[in-house]
Amino acid sequence: MNVQFFWEKKNKKNGTRSRFNLLLLEYGEYYLEDFSAYQFGLGPGELINEDLKIQGRLKMSSRSLVFEPNEVRYPLLRFPYKFMQTDLVELKSTRSGSSLQLTGVFTFSCTQYIEMKAHNKIGAFKVVEMPRSSTPTDSASAESAFRFVFALVHSRLEDLQLKVEQFRHIVKLSDRMGSVVANQHLKPFIEHALISTFDSSNLVDFHEKFLLNAPLSTRKILPLISNPGSLMVTESRLYFQPAQLNNIGDASQKFELRKVSRMYKRRYLLRPTGLEFFLEDGSSFLFVFESREERDHVHDLVNTKSAYSRRPVVTLDEITRKWQRREISNFQYLMHLNNEAGRTTNDLTQYPVFPHVLSDFHSKKLNLEASATFRDLSKPVGALNPDRLEFFKERFESMPPADAALGLPPPFLYGTHYSTPGYVLFYLVRVAPEYMLCLQNGRFDAPDRMFHSVSDMWDSYLNNPADLKELIPEFFTGTGEFLSNSDDLDLGHRSSGERLHEVVLPPWADSPRDFIRKHAKALESEYVSDHLHEWVDLIFGSKQQGAEAVQANNLFYHLTYEKAVDLDAIKDPRERAAIENQIQEFGQTPSQLFFAAHPRRNDLSAPIVTHATLASAKESSASPSERSLSPSPTSQSTSAASSGKARPGSWNALLGSAKSASSPPTVAAGLSGAFSSIMQPRPSVNRLINNSVSPVPVAPRPGTPILSGPTSSASNVLSPVAGAGMGSLEPAMLLPDEETAPIVHLGDDFRLALESELVGDETDGSAKSRAVALDAANSIAIEAEATRDLDIDPAKLRLFPSELFYWHTKPVTDISLRVQRCEVAGAPTSLSGELFDMFLPHSGRRKLNAVLATVSKDSLLKIVRVEQDLDMSQLYHSGASPGLVSRTQCTISRSFSASGSSLSACALTQDALKVVLASWDNHVYGYNISSATAAGKKFAHYDSVTSLALDEQDTMLATSSLDGTVKLWHYRLTPSNSAGSSVSSAAGFLPGGAVVEFEDHELPVVKVALTSWQSRAGESRQRLVAGAAEDGCLVVWDADSQRSLFSYQCSPSRRPVTALTWIRDRPLTRASSTAAAPPRLLVATQDAKLLCTDISGTLVAALQCDSAVLCLGSVQGDGALVLGGCADGSVRLWSLTAAGGKLREVQRWSKAHSGPVTALALAGVPQSDLPCEMMVTGSEDCSVKVWRLAFDR
C-alpha cells in the first residue's frame, strides 16, 4: 500500500520555499498580507543607520507582525501585538549626512519579541524580553522597551498603520473578554480576505464542463492548518483556489479525477462535513465544507458524473474477506479500516491508529514464536495492568452521575484517549518539529516527557494512569526516520543530564530501519493474525461503545465518540468554540465499522456485520447514526437502584446493566451544554441552573423547643434575626420536596439544635438525613445533606465568633494560622492529641494557643498571639450566649512592613517561628518571628507576586505572579550565617533561583496551591502544584518530574479563579490503616462556581453558588467538610461526599463581615487527626474575626 505521510511531503519541500510558514504563528492566528520592507538599525542619538539595512518581507497577521529577512543567517522576528507598547509611528527624519530621503519609514516599541529559524535551523523559539525593573513604576519609560525601525517598499504605510492599530485593539479585547468577542471584531477582516468567485483562467481545458453552478466556499485541511478557498468541480478535474487568507503563496491546486483511487466522506471536529481524495501516487487532499449537504452534493457529483465514476467500489465486507484470504496484509487491512473509520494523516485529531503488538523490549533477540513476546490484543491499553485498571474503576465509582445543569458528563473509565494530536507529535517530533513547536507555543515539551526510549515508552503505557497511547502506522512502515534525530535538533537534556537525541531502541534492534523491519514482521506474525480481530473489536467494532465496551473495560469520555454532540445545534459561540477546542485536543474515537464480533482471520464462515449488513437485513429499527455512543448514566442509575446491590453509577452496577441489557444503552439526552467542566485546556460550560425553588413554611414538631425566647405560632418555625430584638422573627423555610427532613434551628446565640429523622428503612445503610439550617442573620434556609456513613454530621458544626478586630487600615489579603498548644481543664495534653475524643466532653474547658499572621494592602504583616477558651459545660446549655461558650483574646506581638507595596499572601512555617510573604513589588520576603527581624528578600517574578504556598514539610515554596508563571523554590528553615553573601541572608531560600518555572498559562496566575502525597507508608512522596489564572484556566503539575498533569477550564465565561485549595484524604482516626487516596482540588471562580477535581483532571463535584467564593479551607482531613468566605460577607459550610460525588451547601453564617470575606485560615491541634478547631477570617472591610469550631455529639 502506497502511504504518504504529511511530514514526508513537507520535508521534501524544505529548502526550496520561504522560511516563513503558518506553523510559526500562534494556533488559530490568521495570516493576511505581506509587504516588501527593509529593517534599519539605529545609530547614536536614535538616528536611522542606513548601513545597517536588512531586506526582507514583513508579514501581517491577526496577532503579530513577522519579519522574514532574505538572508537566512538572520532569524525571523515575530512581534506579538500584545507586547507592542506603541502603534506604528511614521518617521520623517533622514539619515545624518545623507541626501537620501526615506519614505514609508516607521517605528514601534515592544517589551518582547521572538526569534525563529536563524540560519534556517529549526529549534525552540527564542523569546527576547526586556529586563524588567524590580521597582514598579507608574508608566513604562522609553528605555524599558525595544525599538525597531522598518521601511515599506512600494506600499502605503497608512494602510498598514490602520490595520495594526485595529488588530492591537482586538488582541486587547481578547485578553479582557475572550476570543469569541475578539473574533466578532476580527470577522470583517477575515471576510474581506475570503473570495467567493472562481477564476476560470485556472482551467487546464477551457472546454471542461462545470458540475457546480457556483464555486463552494471550503477549507483545505492540513495538520494544524486550515486554508480557506473556493472549490470547483468539472467533469475532468477538481480545482481549489486559495483565498487571500492564510495564503503564503500557494497557487491554485488541481488534480485529475481519473487519478483518484478512493474518495472518503470524513468528519471534522465531529461534524460530517469533510471529503478526502486519495490519488494513485499516494497523496491525498482533505476538504471541509460549510455543511453536510454541500459535502454530500460534491460527493454525489464526483461519484456519478465525473471521470472518477468509472472506478469500482470495494465494500468493507470485501476488504475483510480479502484480509481473511490473506490477499492483503495486516498492515494493509488496518490502513483500510482506518480509512473507512474516518482516520486520515491530514488531520492530527483523527490520525490513523495502530496497535501495540509487542511487550518484549528488553531481550537481545526477538522471539516471534513465543506468545509472551506479544501484547494481549483483547484488552485496551488501560486494562493491560490489573492494578491500574482497578484505579480507573475506583475513580469511576467516585464520579457523580451525569447532570446537564451542573455540567457533569456521563461517568467514564478513561479520562485520556489513545490518539490525540499531542500523542501523534510525541512520536514524530524528530521529523515534524515545527508542528510540535506550533502545538507547544514555540517550545518543545520537557525532555523527561518526550519520546526517549521504546522500552520506557512501553513501561509508561503499562503503569502511568494518564498514558494510554496506541501506535501510529510509521512504526510499521518506512525507514524509521522518526526514530533518528537526523536534523540534530536541540531537544534539551533529561534530568539525568543525558542529551535527548536519538530514540533508544530495544536490544533486539540494530538500527531504526531494523526496528521497523522487525516490528512490521511482528505485526504480520501468526500470533497477531490470530488475535488482531480482538483489537479491531475494541477500536472499530462491537466493543468500541455500548454494553460490550463496558464489559471490555473500554469506556472513554463521551465527547470522543461520533455524534456525541451536534455542534450545529449549539448557538452559544463561546460554548461551541470550547467544545471544538476540546475535540481538537482530546482526541476522537474512530467511526464504528462492525456491529458484531469481528471474524477471526482463519474463519471465513463467520458473518461480517457492518452498516451495509444492518441496512440490508433491516435488523435495527434505528439508523446506524442513532446507535449508542456510551453507556447512559440514566440507565446505569436505574439498573443499580433496581438491583439494590450497588450504588447508582457504580462500575459494578454499570457492568451488571451491560451484561443484562438486550441492547446498548444510549447517551443521556440534553448533554450538549454540559461539556464545560472537563479536563482539557479551555473548554466551555453551559450556564448552570440556579436554585430558585420557592421555600415554604414548615410546621414545628409538637413539644420541640424552638427558641430560647417567645414561642411562635403553630404555622411557622421562628428564629430571631441577628442584630434585631427578640420580637423580630422570621419563618424558617424548607424546600418543597423536603417535608420529611429533620429541622435545624439556629438562634441568636449561633446554637444549632438538631432533630434527626432517618428517611427510609432504619436498616438501610444508604438512608440519609436532611437538614435545613436557619441562618442567624437573614434566616435563609439551606438544604443540608449528611450521609450516615460520614464521620461527622455537617449539620452539627457550630461556630462561635469573636468580636471584630481592626488592626489593618486596608483590605485583608491573606491569613495563615498555626495552633501550637491545647489544654483540657488546665492539664496540657500531648501534641498527638491522644487524650481527645472526636466529640467534645460535657464538662471542662478546652484552651487553644495559636499564632496568627495576617497581611493587607496596607503593606503590613501582623503577628498575633491567640488564646481561645471553650467552656464545654456552657456549650450544651441552651441559653448560653457565644461569649459564655467561647472566649477569644488576641494580642499583636509583631508588626512588620516588608516594603511600601501591598502584601498579597503569607505562609507560616509549621513551627510558627517564621513567615514568608508575597508582595506586589515582585519580591518574596522572609520574617523571623522569634527575633522580630527581617530575614531578607528575593526577587521572584517580573510582575507582582499574587500567591504563595509552603509544602507540609517546609522544604518547598510555590509562588504565582501576574507575569503568568508559577515557580518552585527550595526553602530552608535556618538561614545561613555566612558573612558577605547576599544570597545567604535571603532567609529561607537556597541559592540558585527557582527550582523550576512553569509557563503553561497565557494570562496572569492569581492563585497557587502546593501539597505532597504519600499513598502508603514507605513510598516516596509526590509533590503536586496547582496554578489558576485570570481566565479561569487551572493547570496542575508534578513538582518532581516537572510535567503538567492536566489543564482545566473552570469558568465557562473565562472568569478568574478566586480560591484554590488542596484537600487530602487521610484517616480521621489513628486506628485506621487505610491507604491515603490521592488529593483533590477545590476551586472557586468569580462567576460563583465551586468545583472539585481529582489529580487526573476529572470533575468530582460541582455547585453553582449565589455569591462568589473568595477563600476556602477544609475542616476535616478528607475534605468532607469545607468552609469558605464569600463576596456577600457570609461564611458557608459545604459537604463533599466523594462516594456520591455531591457538593452541597449545609450551613450559612451571613454578615460575618460587612464586606467580602477575602481571607480564611483553619487550624487544628498539631499532629492530630481531629477536625480543625479554629478559624480566622479577614475582609475587604479591613476587619479580622476569630472563630471557634465545635461539634455536637
# chains A, B, ... in the order shown; residues from 1 in each chain; ligands from 1
call {"tool": "residues_around", "arguments": {"residues": "Ser252 (chain A)", "least_positions_apart": "6", "cutoff": "9 Å", "atoms": "only C-alpha atoms", "output": "list in words"}}
result
Asn202, Tyr239, Phe240, Gln241 and Pro242 of chain A
call {"tool": "write_last_selection", "arguments": {"atoms": "C-alpha atoms", "output": "PDB file, in the first residue's frame"}}
result
ATOM      1  CA  ASN A 202      -7.069  28.404 -13.904  1.00  0.00           C
ATOM      2  CA  TYR A 239      -9.910  22.795  -8.566  1.00  0.00           C
ATOM      3  CA  PHE A 240      -9.130  24.526  -5.288  1.00  0.00           C
ATOM      4  CA  GLN A 241      -8.402  28.232  -5.427  1.00  0.00           C
ATOM      5  CA  PRO A 242      -6.869  29.509  -2.139  1.00  0.00           C
TER       6      PRO A 242
END
call {"tool": "select_by_dssp", "arguments": {"residues": "region 34-171 of chain A", "states": "strand (DSSP E)", "output": "MDAnalysis selection string"}}
result
chainID A and resid 34:42 48:61 64:69 76:80 89:90 105:110 112:116 126:129 146:152
call {"tool": "residues_around", "arguments": {"residues": "region 330-335 of chain A", "least_positions_apart": "6", "cutoff": "8 Å", "atoms": "only C-alpha atoms", "output": "PyMOL selection string"}}
result
chain A and resi 1+319-320+323+352+354+476+523-524+529
call {"tool": "atom_distance", "arguments": {"atom1": "CA of Arg343 (chain A)", "atom2": "CA of Pro272 (chain A)"}}
result
12.9 Å
call {"tool": "closest_atom_pairs", "arguments": {"of": "region 328-394 of chain A", "to": "region 412-416 of chain A", "cutoff": "8 Å", "atoms": "only C-alpha atoms", "output": "tab-separated table"}}
result
residue	atom	partner	partner_atom	distance
A:Gly382	CA	A:Tyr414	CA	7.5
A:Phe392	CA	A:Leu413	CA	5.7
A:Lys393	CA	A:Leu413	CA	6.4
call {"tool": "atom_distance", "arguments": {"atom1": "CA of Arg147 (chain A)", "atom2": "CA of Ser109 (chain A)"}}
result
4.4 Å
call {"tool": "atom_distance", "arguments": {"atom1": "CA of Asp300 (chain A)", "atom2": "CA of Ala243 (chain A)"}}
result
25.1 Å
call {"tool": "select_by_dssp", "arguments": {"residues": "region 14-79 of chain A", "states": "helix (DSSP H, G or I)", "output": "PyMOL selection string"}}
result
chain A and resi 22-24+44-46
call {"tool": "write_last_selection", "arguments": {"atoms": "N, CA and C atoms", "output": "CSV table (one decimal), in the first residue's frame"}}
result
chain,number,residue,atom,x,y,z
A,22,LEU,N,2.8,28.9,8.1
A,22,LEU,CA,1.8,29.2,9.1
A,22,LEU,C,2.0,28.6,10.5
A,23,LEU,N,2.9,27.6,10.5
A,23,LEU,CA,3.2,26.9,11.8
A,23,LEU,C,4.0,27.8,12.7
A,24,LEU,N,4.5,28.9,12.2
A,24,LEU,CA,5.3,29.8,13.0
A,24,LEU,C,4.4,30.8,13.8
A,44,PRO,N,23.8,56.3,16.9
A,44,PRO,CA,23.8,57.3,18.0
A,44,PRO,C,22.7,58.3,17.9
A,45,GLY,N,22.1,58.6,19.0
A,45,GLY,CA,21.0,59.6,19.0
A,45,GLY,C,19.7,59.1,18.4
A,46,GLU,N,19.6,57.8,18.3
A,46,GLU,CA,18.3,57.2,17.8
A,46,GLU,C,18.1,57.6,16.3
call {"tool": "residues_around", "arguments": {"residues": "Asp34 (chain A)", "least_positions_apart": "4", "cutoff": "9 Å", "atoms": "only C-alpha atoms", "output": "number ranges by chain"}}
result
A: 57-61, 248
call {"tool": "write_last_selection", "arguments": {"atoms": "all heavy atoms", "output": "PDB file, in the first residue's frame"}}
result
ATOM      1  N   ARG A  57      10.746  40.490   3.933  1.00  0.00           N
ATOM      2  CA  ARG A  57       9.288  40.603   3.787  1.00  0.00           C
ATOM      3  C   ARG A  57       8.679  40.762   5.170  1.00  0.00           C
ATOM      4  O   ARG A  57       9.021  40.044   6.116  1.00  0.00           O
ATOM      5  CB  ARG A  57       8.701  39.349   3.136  1.00  0.00           C
ATOM      6  CG  ARG A  57       9.323  38.943   1.825  1.00  0.00           C
ATOM      7  CD  ARG A  57       9.018  39.909   0.704  1.00  0.00           C
ATOM      8  NE  ARG A  57       7.597  40.019   0.409  1.00  0.00           N
ATOM      9  CZ  ARG A  57       7.115  40.759  -0.592  1.00  0.00           C
ATOM     10  NH1 ARG A  57       7.938  41.456  -1.377  1.00  0.00           N
ATOM     11  NH2 ARG A  57       5.804  40.835  -0.800  1.00  0.00           N
ATOM     12  N   LEU A  58       7.760  41.716   5.279  1.00  0.00           N
ATOM     13  CA  LEU A  58       7.050  41.955   6.530  1.00  0.00           C
ATOM     14  C   LEU A  58       5.661  41.325   6.414  1.00  0.00           C
ATOM     15  O   LEU A  58       4.866  41.710   5.544  1.00  0.00           O
ATOM     16  CB  LEU A  58       6.941  43.455   6.805  1.00  0.00           C
ATOM     17  CG  LEU A  58       6.422  43.852   8.195  1.00  0.00           C
ATOM     18  CD1 LEU A  58       7.400  43.423   9.278  1.00  0.00           C
ATOM     19  CD2 LEU A  58       6.194  45.359   8.268  1.00  0.00           C
ATOM     20  N   LYS A  59       5.375  40.330   7.265  1.00  0.00           N
ATOM     21  CA  LYS A  59       4.124  39.581   7.211  1.00  0.00           C
ATOM     22  C   LYS A  59       3.163  40.132   8.267  1.00  0.00           C
ATOM     23  O   LYS A  59       3.511  40.210   9.447  1.00  0.00           O
ATOM     24  CB  LYS A  59       4.370  38.100   7.496  1.00  0.00           C
ATOM     25  CG  LYS A  59       5.597  37.504   6.793  1.00  0.00           C
ATOM     26  CD  LYS A  59       5.341  37.223   5.343  1.00  0.00           C
ATOM     27  CE  LYS A  59       6.531  36.521   4.697  1.00  0.00           C
ATOM     28  NZ  LYS A  59       6.291  36.154   3.293  1.00  0.00           N
ATOM     29  N   MET A  60       1.960  40.473   7.831  1.00  0.00           N
ATOM     30  CA  MET A  60       0.947  40.971   8.767  1.00  0.00           C
ATOM     31  C   MET A  60      -0.053  39.855   9.060  1.00  0.00           C
ATOM     32  O   MET A  60      -0.670  39.290   8.145  1.00  0.00           O
ATOM     33  CB  MET A  60       0.207  42.167   8.195  1.00  0.00           C
ATOM     34  CG  MET A  60      -0.841  42.747   9.152  1.00  0.00           C
ATOM     35  SD  MET A  60      -1.727  44.152   8.438  1.00  0.00           S
ATOM     36  CE  MET A  60      -2.651  43.328   7.136  1.00  0.00           C
ATOM     37  N   SER A  61      -0.216  39.531  10.346  1.00  0.00           N
ATOM     38  CA  SER A  61      -1.166  38.518  10.789  1.00  0.00           C
ATOM     39  C   SER A  61      -2.122  39.134  11.801  1.00  0.00           C
ATOM     40  O   SER A  61      -1.965  40.291  12.202  1.00  0.00           O
ATOM     41  CB  SER A  61      -0.433  37.322  11.404  1.00  0.00           C
ATOM     42  OG  SER A  61       0.429  36.733  10.460  1.00  0.00           O
ATOM     43  N   ILE A 248       0.168  31.744   1.730  1.00  0.00           N
ATOM     44  CA  ILE A 248       1.572  32.155   1.777  1.00  0.00           C
ATOM     45  C   ILE A 248       2.238  31.996   0.405  1.00  0.00           C
ATOM     46  O   ILE A 248       3.455  31.831   0.307  1.00  0.00           O
ATOM     47  CB  ILE A 248       2.351  31.366   2.845  1.00  0.00           C
ATOM     48  CG1 ILE A 248       2.278  29.867   2.570  1.00  0.00           C
ATOM     49  CG2 ILE A 248       1.842  31.683   4.229  1.00  0.00           C
ATOM     50  CD1 ILE A 248       3.159  29.044   3.499  1.00  0.00           C
TER      51      ILE A 248
END
